[in-house]
>>> print(open('structure_33.cif').read())   # mmCIF, C-alpha atoms; chains and numbers go by the auth columns
data_protein
#
loop_
_atom_site.group_PDB
_atom_site.id
_atom_site.type_symbol
_atom_site.label_atom_id
_atom_site.label_comp_id
_atom_site.label_asym_id
_atom_site.label_seq_id
_atom_site.Cartn_x
_atom_site.Cartn_y
_atom_site.Cartn_z
_atom_site.B_iso_or_equiv
_atom_site.auth_seq_id
_atom_site.auth_asym_id
ATOM 1 C CA MET A 1 131.122 97.100 147.966 0.00 6 A
ATOM 2 C CA SER A 2 129.292 94.212 149.622 0.00 7 A
ATOM 3 C CA LEU A 3 127.839 91.595 147.336 0.00 8 A
ATOM 4 C CA ARG A 4 125.992 89.643 149.968 0.00 9 A
ATOM 5 C CA LYS A 5 122.211 89.439 149.892 0.00 10 A
ATOM 6 C CA GLN A 6 121.934 91.919 147.080 0.00 11 A
ATOM 7 C CA THR A 7 119.048 91.666 144.755 0.00 12 A
ATOM 8 C CA PRO A 8 119.848 92.126 141.075 0.00 13 A
ATOM 9 C CA SER A 9 118.013 95.442 141.023 0.00 14 A
ATOM 10 C CA ASP A 10 120.206 96.751 143.841 0.00 15 A
ATOM 11 C CA PHE A 11 123.268 95.839 141.838 0.00 16 A
ATOM 12 C CA LEU A 12 121.891 97.566 138.775 0.00 17 A
ATOM 13 C CA LYS A 13 121.221 100.744 140.723 0.00 18 A
ATOM 14 C CA GLN A 14 124.802 100.746 141.943 0.00 19 A
ATOM 15 C CA ILE A 15 126.516 100.563 138.586 0.00 20 A
ATOM 16 C CA ILE A 16 124.287 103.005 136.793 0.00 21 A
ATOM 17 C CA GLY A 17 126.079 106.290 136.152 0.00 22 A
ATOM 18 C CA ARG A 18 129.530 104.734 136.025 0.00 23 A
ATOM 19 C CA PRO A 19 131.833 104.620 133.035 0.00 24 A
ATOM 20 C CA VAL A 20 131.788 101.108 131.638 0.00 25 A
ATOM 21 C CA VAL A 21 133.270 98.976 128.907 0.00 26 A
ATOM 22 C CA VAL A 22 130.874 96.715 127.044 0.00 27 A
ATOM 23 C CA LYS A 23 132.530 93.981 125.016 0.00 28 A
ATOM 24 C CA LEU A 24 130.506 92.263 122.336 0.00 29 A
ATOM 25 C CA ASN A 25 130.969 88.789 120.915 0.00 30 A
ATOM 26 C CA SER A 26 132.096 90.401 117.657 0.00 31 A
ATOM 27 C CA GLY A 27 135.153 91.870 119.397 0.00 32 A
ATOM 28 C CA VAL A 28 133.892 95.439 119.352 0.00 33 A
ATOM 29 C CA ASP A 29 134.258 97.525 122.508 0.00 34 A
ATOM 30 C CA TYR A 30 131.871 100.228 123.591 0.00 35 A
ATOM 31 C CA ARG A 31 132.989 102.664 126.235 0.00 36 A
ATOM 32 C CA GLY A 32 130.564 105.084 127.799 0.00 37 A
ATOM 33 C CA VAL A 33 128.582 106.037 130.867 0.00 38 A
ATOM 34 C CA LEU A 34 125.951 103.489 131.812 0.00 39 A
ATOM 35 C CA ALA A 35 122.581 105.208 131.557 0.00 40 A
ATOM 36 C CA CYS A 36 120.441 102.160 132.205 0.00 41 A
ATOM 37 C CA LEU A 37 120.291 98.417 132.034 0.00 42 A
ATOM 38 C CA ASP A 38 117.455 95.896 132.156 0.00 43 A
ATOM 39 C CA GLY A 39 116.958 92.233 132.991 0.00 44 A
ATOM 40 C CA TYR A 40 117.808 91.151 129.449 0.00 45 A
ATOM 41 C CA MET A 41 121.113 93.024 129.651 0.00 46 A
ATOM 42 C CA ASN A 42 119.925 95.551 127.125 0.00 47 A
ATOM 43 C CA ILE A 43 122.167 98.528 127.790 0.00 48 A
ATOM 44 C CA ALA A 44 121.826 102.247 127.221 0.00 49 A
ATOM 45 C CA LEU A 45 125.085 104.196 127.208 0.00 50 A
ATOM 46 C CA GLU A 46 125.837 107.887 126.989 0.00 51 A
ATOM 47 C CA GLN A 47 128.807 109.463 125.203 0.00 52 A
ATOM 48 C CA THR A 48 129.692 106.135 123.705 0.00 53 A
ATOM 49 C CA GLU A 49 132.869 105.436 121.823 0.00 54 A
ATOM 50 C CA GLU A 50 133.239 102.382 119.651 0.00 55 A
ATOM 51 C CA TYR A 51 136.628 100.679 119.556 0.00 56 A
ATOM 52 C CA VAL A 52 137.577 98.082 116.984 0.00 57 A
ATOM 53 C CA ASN A 53 141.352 97.750 117.271 0.00 58 A
ATOM 54 C CA GLY A 54 141.585 101.546 117.038 0.00 59 A
ATOM 55 C CA GLN A 55 138.873 104.106 117.570 0.00 60 A
ATOM 56 C CA LEU A 56 136.354 104.049 114.735 0.00 61 A
ATOM 57 C CA LYS A 57 133.207 105.948 115.506 0.00 62 A
ATOM 58 C CA ASN A 58 131.933 108.375 118.121 0.00 63 A
ATOM 59 C CA LYS A 59 128.345 108.135 119.206 0.00 64 A
ATOM 60 C CA TYR A 60 126.888 111.010 121.138 0.00 65 A
ATOM 61 C CA GLY A 61 123.760 110.774 123.194 0.00 66 A
ATOM 62 C CA ASP A 62 122.291 107.429 123.963 0.00 67 A
ATOM 63 C CA ALA A 63 123.459 104.243 122.325 0.00 68 A
ATOM 64 C CA PHE A 64 121.277 101.217 122.911 0.00 69 A
ATOM 65 C CA ILE A 65 122.981 97.828 122.859 0.00 70 A
ATOM 66 C CA ARG A 66 120.863 94.709 122.508 0.00 71 A
ATOM 67 C CA GLY A 67 121.166 92.338 125.417 0.00 72 A
ATOM 68 C CA ASN A 68 121.908 88.951 123.966 0.00 73 A
ATOM 69 C CA ASN A 69 124.981 89.792 121.919 0.00 74 A
ATOM 70 C CA GLY A 70 126.874 87.602 124.389 0.00 75 A
ATOM 71 C CA ASN A 71 128.549 90.661 125.778 0.00 76 A
ATOM 72 C CA SER A 72 130.099 91.420 129.094 0.00 77 A
ATOM 73 C CA SER A 73 130.110 94.757 130.806 0.00 78 A
ATOM 74 C CA SER A 74 132.693 95.789 133.321 0.00 79 A
ATOM 75 C CA SER A 75 133.352 98.924 135.256 0.00 80 A
ATOM 76 C CA SER A 76 136.583 100.325 133.927 0.00 81 A
ATOM 77 C CA TYR A 77 137.371 103.019 136.455 0.00 82 A
ATOM 78 C CA CYS A 78 137.663 102.861 140.205 0.00 83 A
ATOM 79 C CA SER A 79 135.983 105.932 141.586 0.00 84 A
ATOM 80 C CA PRO A 80 137.956 107.448 144.462 0.00 85 A
ATOM 81 C CA LEU B 1 93.304 136.486 135.189 0.00 2 B
ATOM 82 C CA ILE B 2 94.216 132.874 134.931 0.00 3 B
ATOM 83 C CA VAL B 3 97.800 131.861 135.340 0.00 4 B
ATOM 84 C CA SER B 4 98.617 128.267 134.640 0.00 5 B
ATOM 85 C CA PHE B 5 101.887 126.627 135.352 0.00 6 B
ATOM 86 C CA PHE B 6 103.211 124.304 132.726 0.00 7 B
ATOM 87 C CA GLN B 7 105.469 121.894 134.512 0.00 8 B
ATOM 88 C CA GLN B 8 107.740 119.709 132.489 0.00 9 B
ATOM 89 C CA GLN B 9 107.706 116.198 133.761 0.00 10 B
ATOM 90 C CA THR B 10 111.057 114.776 134.618 0.00 11 B
ATOM 91 C CA THR B 11 111.466 111.354 136.036 0.00 12 B
ATOM 92 C CA ASN B 12 114.089 110.288 138.506 0.00 13 B
ATOM 93 C CA THR B 13 113.208 106.623 138.329 0.00 14 B
ATOM 94 C CA VAL B 14 115.470 104.371 136.292 0.00 15 B
ATOM 95 C CA GLU B 15 113.921 103.861 132.909 0.00 16 B
ATOM 96 C CA GLU B 16 114.451 100.812 130.826 0.00 17 B
ATOM 97 C CA PRO B 17 116.769 101.064 127.852 0.00 18 B
ATOM 98 C CA LEU B 18 113.710 100.371 125.694 0.00 19 B
ATOM 99 C CA ASP B 19 112.085 103.542 127.021 0.00 20 B
ATOM 100 C CA LEU B 20 114.971 105.464 125.515 0.00 21 B
ATOM 101 C CA ILE B 21 114.324 103.883 122.134 0.00 22 B
ATOM 102 C CA ARG B 22 110.737 105.059 122.435 0.00 23 B
ATOM 103 C CA LEU B 23 112.075 108.622 122.470 0.00 24 B
ATOM 104 C CA SER B 24 113.471 107.994 118.989 0.00 25 B
ATOM 105 C CA LEU B 25 110.107 107.065 117.477 0.00 26 B
ATOM 106 C CA ASP B 26 109.550 108.947 114.264 0.00 27 B
ATOM 107 C CA GLU B 27 113.136 110.152 114.349 0.00 28 B
ATOM 108 C CA ARG B 28 115.933 109.056 112.110 0.00 29 B
ATOM 109 C CA ILE B 29 118.177 106.479 113.758 0.00 30 B
ATOM 110 C CA TYR B 30 121.288 104.495 113.059 0.00 31 B
ATOM 111 C CA VAL B 31 121.189 100.720 113.520 0.00 32 B
ATOM 112 C CA LYS B 32 124.244 98.507 113.584 0.00 33 B
ATOM 113 C CA MET B 33 123.425 94.932 112.595 0.00 34 B
ATOM 114 C CA ARG B 34 125.276 91.640 112.536 0.00 35 B
ATOM 115 C CA ASN B 35 127.208 90.726 109.397 0.00 36 B
ATOM 116 C CA ASP B 36 128.708 94.202 109.024 0.00 37 B
ATOM 117 C CA ARG B 37 125.483 95.895 108.063 0.00 38 B
ATOM 118 C CA GLU B 38 124.277 99.314 109.030 0.00 39 B
ATOM 119 C CA LEU B 39 120.914 100.923 108.543 0.00 40 B
ATOM 120 C CA ARG B 40 119.922 104.562 108.611 0.00 41 B
ATOM 121 C CA GLY B 41 116.231 105.245 108.544 0.00 42 B
ATOM 122 C CA ARG B 42 113.173 106.628 110.298 0.00 43 B
ATOM 123 C CA LEU B 43 111.917 104.545 113.193 0.00 44 B
ATOM 124 C CA HIS B 44 108.207 103.900 112.815 0.00 45 B
ATOM 125 C CA ALA B 45 107.773 101.009 115.245 0.00 46 B
ATOM 126 C CA TYR B 46 109.685 98.662 117.491 0.00 47 B
ATOM 127 C CA ASP B 47 109.068 95.973 120.072 0.00 48 B
ATOM 128 C CA GLN B 48 110.874 94.303 122.961 0.00 49 B
ATOM 129 C CA HIS B 49 112.719 91.990 120.548 0.00 50 B
ATOM 130 C CA LEU B 50 114.042 95.013 118.701 0.00 51 B
ATOM 131 C CA ASN B 51 111.997 94.059 115.666 0.00 52 B
ATOM 132 C CA MET B 52 111.623 97.397 113.915 0.00 53 B
ATOM 133 C CA ILE B 53 109.820 99.070 111.082 0.00 54 B
ATOM 134 C CA LEU B 54 112.099 101.572 109.406 0.00 55 B
ATOM 135 C CA GLY B 55 111.112 103.961 106.665 0.00 56 B
ATOM 136 C CA ASP B 56 113.223 105.618 104.021 0.00 57 B
ATOM 137 C CA VAL B 57 116.178 103.382 104.808 0.00 58 B
ATOM 138 C CA GLU B 58 119.712 103.347 103.539 0.00 59 B
ATOM 139 C CA GLU B 59 121.451 100.009 104.126 0.00 60 B
ATOM 140 C CA THR B 60 125.257 99.846 104.058 0.00 61 B
ATOM 141 C CA VAL B 61 127.013 96.488 103.773 0.00 62 B
ATOM 142 C CA THR B 62 130.738 96.689 104.473 0.00 63 B
ATOM 143 C CA THR B 63 133.274 94.152 103.313 0.00 64 B
ATOM 144 C CA ILE B 64 137.007 94.040 103.832 0.00 65 B
ATOM 145 C CA GLU B 65 139.138 92.676 101.057 0.00 66 B
ATOM 146 C CA ILE B 66 142.787 91.907 101.634 0.00 67 B
ATOM 147 C CA ASP B 67 145.100 92.593 98.752 0.00 68 B
ATOM 148 C CA GLU B 68 147.153 89.441 98.343 0.00 69 B
ATOM 149 C CA GLU B 69 150.294 91.286 97.378 0.00 70 B
ATOM 150 C CA THR B 70 150.330 94.339 99.578 0.00 71 B
ATOM 151 C CA TYR B 71 148.209 92.821 102.371 0.00 72 B
ATOM 152 C CA GLU B 72 146.432 96.100 102.736 0.00 73 B
ATOM 153 C CA GLU B 73 142.837 96.101 103.904 0.00 74 B
ATOM 154 C CA ILE B 74 140.445 97.503 101.352 0.00 75 B
ATOM 155 C CA TYR B 75 137.119 98.577 102.814 0.00 76 B
ATOM 156 C CA LYS B 76 134.264 98.340 100.381 0.00 77 B
ATOM 157 C CA SER B 77 130.711 99.309 101.118 0.00 78 B
ATOM 158 C CA THR B 78 127.571 98.637 99.168 0.00 79 B
ATOM 159 C CA LYS B 79 124.522 100.789 99.731 0.00 80 B
ATOM 160 C CA ARG B 80 120.916 100.370 98.801 0.00 81 B
ATOM 161 C CA ASN B 81 117.761 102.325 99.518 0.00 82 B
ATOM 162 C CA ILE B 82 114.565 100.730 100.804 0.00 83 B
ATOM 163 C CA PRO B 83 111.350 102.721 101.272 0.00 84 B
ATOM 164 C CA MET B 84 109.903 100.573 104.062 0.00 85 B
ATOM 165 C CA LEU B 85 111.668 97.784 105.907 0.00 86 B
ATOM 166 C CA PHE B 86 110.887 95.235 108.598 0.00 87 B
ATOM 167 C CA VAL B 87 113.980 94.438 110.624 0.00 88 B
ATOM 168 C CA ARG B 88 114.037 91.243 112.675 0.00 89 B
ATOM 169 C CA GLY B 89 115.331 92.017 116.123 0.00 90 B
ATOM 170 C CA ASP B 90 117.795 89.184 116.523 0.00 91 B
ATOM 171 C CA GLY B 91 120.123 90.770 113.979 0.00 92 B
ATOM 172 C CA VAL B 92 120.299 94.090 115.789 0.00 93 B
ATOM 173 C CA VAL B 93 123.471 94.939 117.688 0.00 94 B
ATOM 174 C CA LEU B 94 123.140 98.644 118.449 0.00 95 B
ATOM 175 C CA VAL B 95 120.660 101.496 117.995 0.00 96 B
ATOM 176 C CA ALA B 96 121.652 105.156 118.210 0.00 97 B
ATOM 177 C CA PRO B 97 120.783 108.579 116.843 0.00 98 B
ATOM 178 C CA PRO B 98 122.314 109.106 113.386 0.00 99 B
ATOM 179 C CA LEU B 99 126.083 109.427 113.467 0.00 100 B
ATOM 180 C CA ARG B 100 127.740 112.759 113.133 0.00 101 B
ATOM 181 C CA VAL B 101 131.003 112.909 111.276 0.00 102 B
ATOM 182 C CA GLY B 102 133.522 111.986 113.984 0.00 103 B
#
>>> encode(input="structure_33.cif", output="C-alpha cells")
Amino acid sequence: MSLRKQTPSDFLKQIIGRPVVVKLNSGVDYRGVLACLDGYMNIALEQTEEYVNGQLKNKYGDAFIRGNNGNSSSSSYCSP
Amino acid sequence: LIVSFFQQQTTNTVEEPLDLIRLSLDERIYVKMRNDRELRGRLHAYDQHLNMILGDVEETVTTIEIDEETYEEIYKSTKRNIPMLFVRGDGVVLVAPPLRVG
C-alpha cells in the first residue's frame, strides 16, 4: 500500500470496510468493522465488541465513537 | 392503468458517521459518557458536537469499590430517571442503539 501523495480522503476510502481496533484514552478497546470515518476522527463501527480487560459488552449494528477521545485506530488484520 | 415504481434510495457514497446518528433520531439510543456514566433515552436532537437532547432518560452511574480485605471488585450502579435532558457533547464517548443482553 503506497502512502505517497495520498490525500486524506483516499486513505479513508482504503481503510473503510476493514476490521479495526479503536483504543480510547480510557483504556477501552472497540473492535469492529469500520463503517465510516470523518475529518474529526468520529468513527462508525459495525458489529462492535467492547473490551475492558475481558469482554464486557456486545454492540450490534452501528456504534458511533466521538472523535476527540484521544483514540487511535489501527487495522488489526492483514487481508490476504 | 397507472403503474408506478417505488424505488428505495440506496447510497453508495461514504456517509459521515454523523449521518448514521441521524438515522437514530426519535429512536431510543444508548450513550456511553465519561466518568463511567451511561444514558438510555430517546434521541430528539443532536449536533456536530454531539450535544444531544434526550427524552425519557435513564442515567446509570457505575462505581467500583474494592473490598479492603478480600480485594474483590464490587460494582455498584446508581440509576436515576430524567424526563428531558440536554447532554453536552464533550462528555460523550460512544452512541449506539440500545444494548441487547449480551
>>> closest_residue(input="structure_33.cif", among="A:Phe69, A:Phe16, A:Tyr35, A:Tyr45", to="Ser25 (chain B)", atoms="all atoms listed in the file")
A:Phe69
>>> interface_residues(input="structure_33.cif", of="chain A", to="chain B", cutoff="6 Å", atoms="all atoms listed in the file", output="number ranges by chain")
A: 41, 43, 48-49, 63, 68-71
>>> resolve_selection(input="structure_33.cif", expression="the PyMOL selection byres ((chain B and resi 56) around 12)", output="number ranges by chain")
B: 26-30, 40-46, 53-55, 57-60, 82-88
>>> write_last_selection(input="structure_33.cif", atoms="C-alpha atoms", output="compact mmCIF listing (two decimals), keeping the file's coordinate frame")
# COMPACT_ATOMS: atom_id res chain seq x y z
CA LEU B 26 110.11 107.06 117.48
CA ASP B 27 109.55 108.95 114.26
CA GLU B 28 113.14 110.15 114.35
CA ARG B 29 115.93 109.06 112.11
CA ILE B 30 118.18 106.48 113.76
CA LEU B 40 120.91 100.92 108.54
CA ARG B 41 119.92 104.56 108.61
CA GLY B 42 116.23 105.24 108.54
CA ARG B 43 113.17 106.63 110.30
CA LEU B 44 111.92 104.54 113.19
CA HIS B 45 108.21 103.90 112.82
CA ALA B 46 107.77 101.01 115.24
CA MET B 53 111.62 97.40 113.92
CA ILE B 54 109.82 99.07 111.08
CA LEU B 55 112.10 101.57 109.41
CA ASP B 57 113.22 105.62 104.02
CA VAL B 58 116.18 103.38 104.81
CA GLU B 59 119.71 103.35 103.54
CA GLU B 60 121.45 100.01 104.13
CA ASN B 82 117.76 102.32 99.52
CA ILE B 83 114.56 100.73 100.80
CA PRO B 84 111.35 102.72 101.27
CA MET B 85 109.90 100.57 104.06
CA LEU B 86 111.67 97.78 105.91
CA PHE B 87 110.89 95.24 108.60
CA VAL B 88 113.98 94.44 110.62
>>> resolve_selection(input="structure_33.cif", expression="the PyMOL selection byres ((chain A and resi 66) around 9)", output="PyMOL selection string")
(chain A and resi 50-53+64-65+67-68) or (chain B and resi 97-98)
>>> axis_aligned_box(input="structure_33.cif", around="region 37-42 of chain B", padding_each_side="8 Å", output="JSON")
{"center_x": 122.5, "center_y": 99.7, "center_z": 108.5, "size_x": 28.5, "size_y": 27.0, "size_z": 17.0}
>>> atom_distance(input="structure_33.cif", atom1="CA of Ser31 (chain A)", atom2="CA of Leu17 (chain A)")
24.5 Å
>>> atom_distance(input="structure_33.cif", atom1="CA of Tyr56 (chain A)", atom2="CA of Arg36 (chain A)")
7.9 Å
>>> atom_distance(input="structure_33.cif", atom1="CA of Ile21 (chain A)", atom2="CA of Leu39 (chain A)")
5.3 Å
>>> resolve_selection(input="structure_33.cif", expression="the PyMOL selection byres ((chain B and resi 63-77) around 10)", output="list in words")
Asn36, Asp37, Arg38, Glu39, Glu60, Thr61, Val62, Ser78, Thr79 and Lys80 of chain B
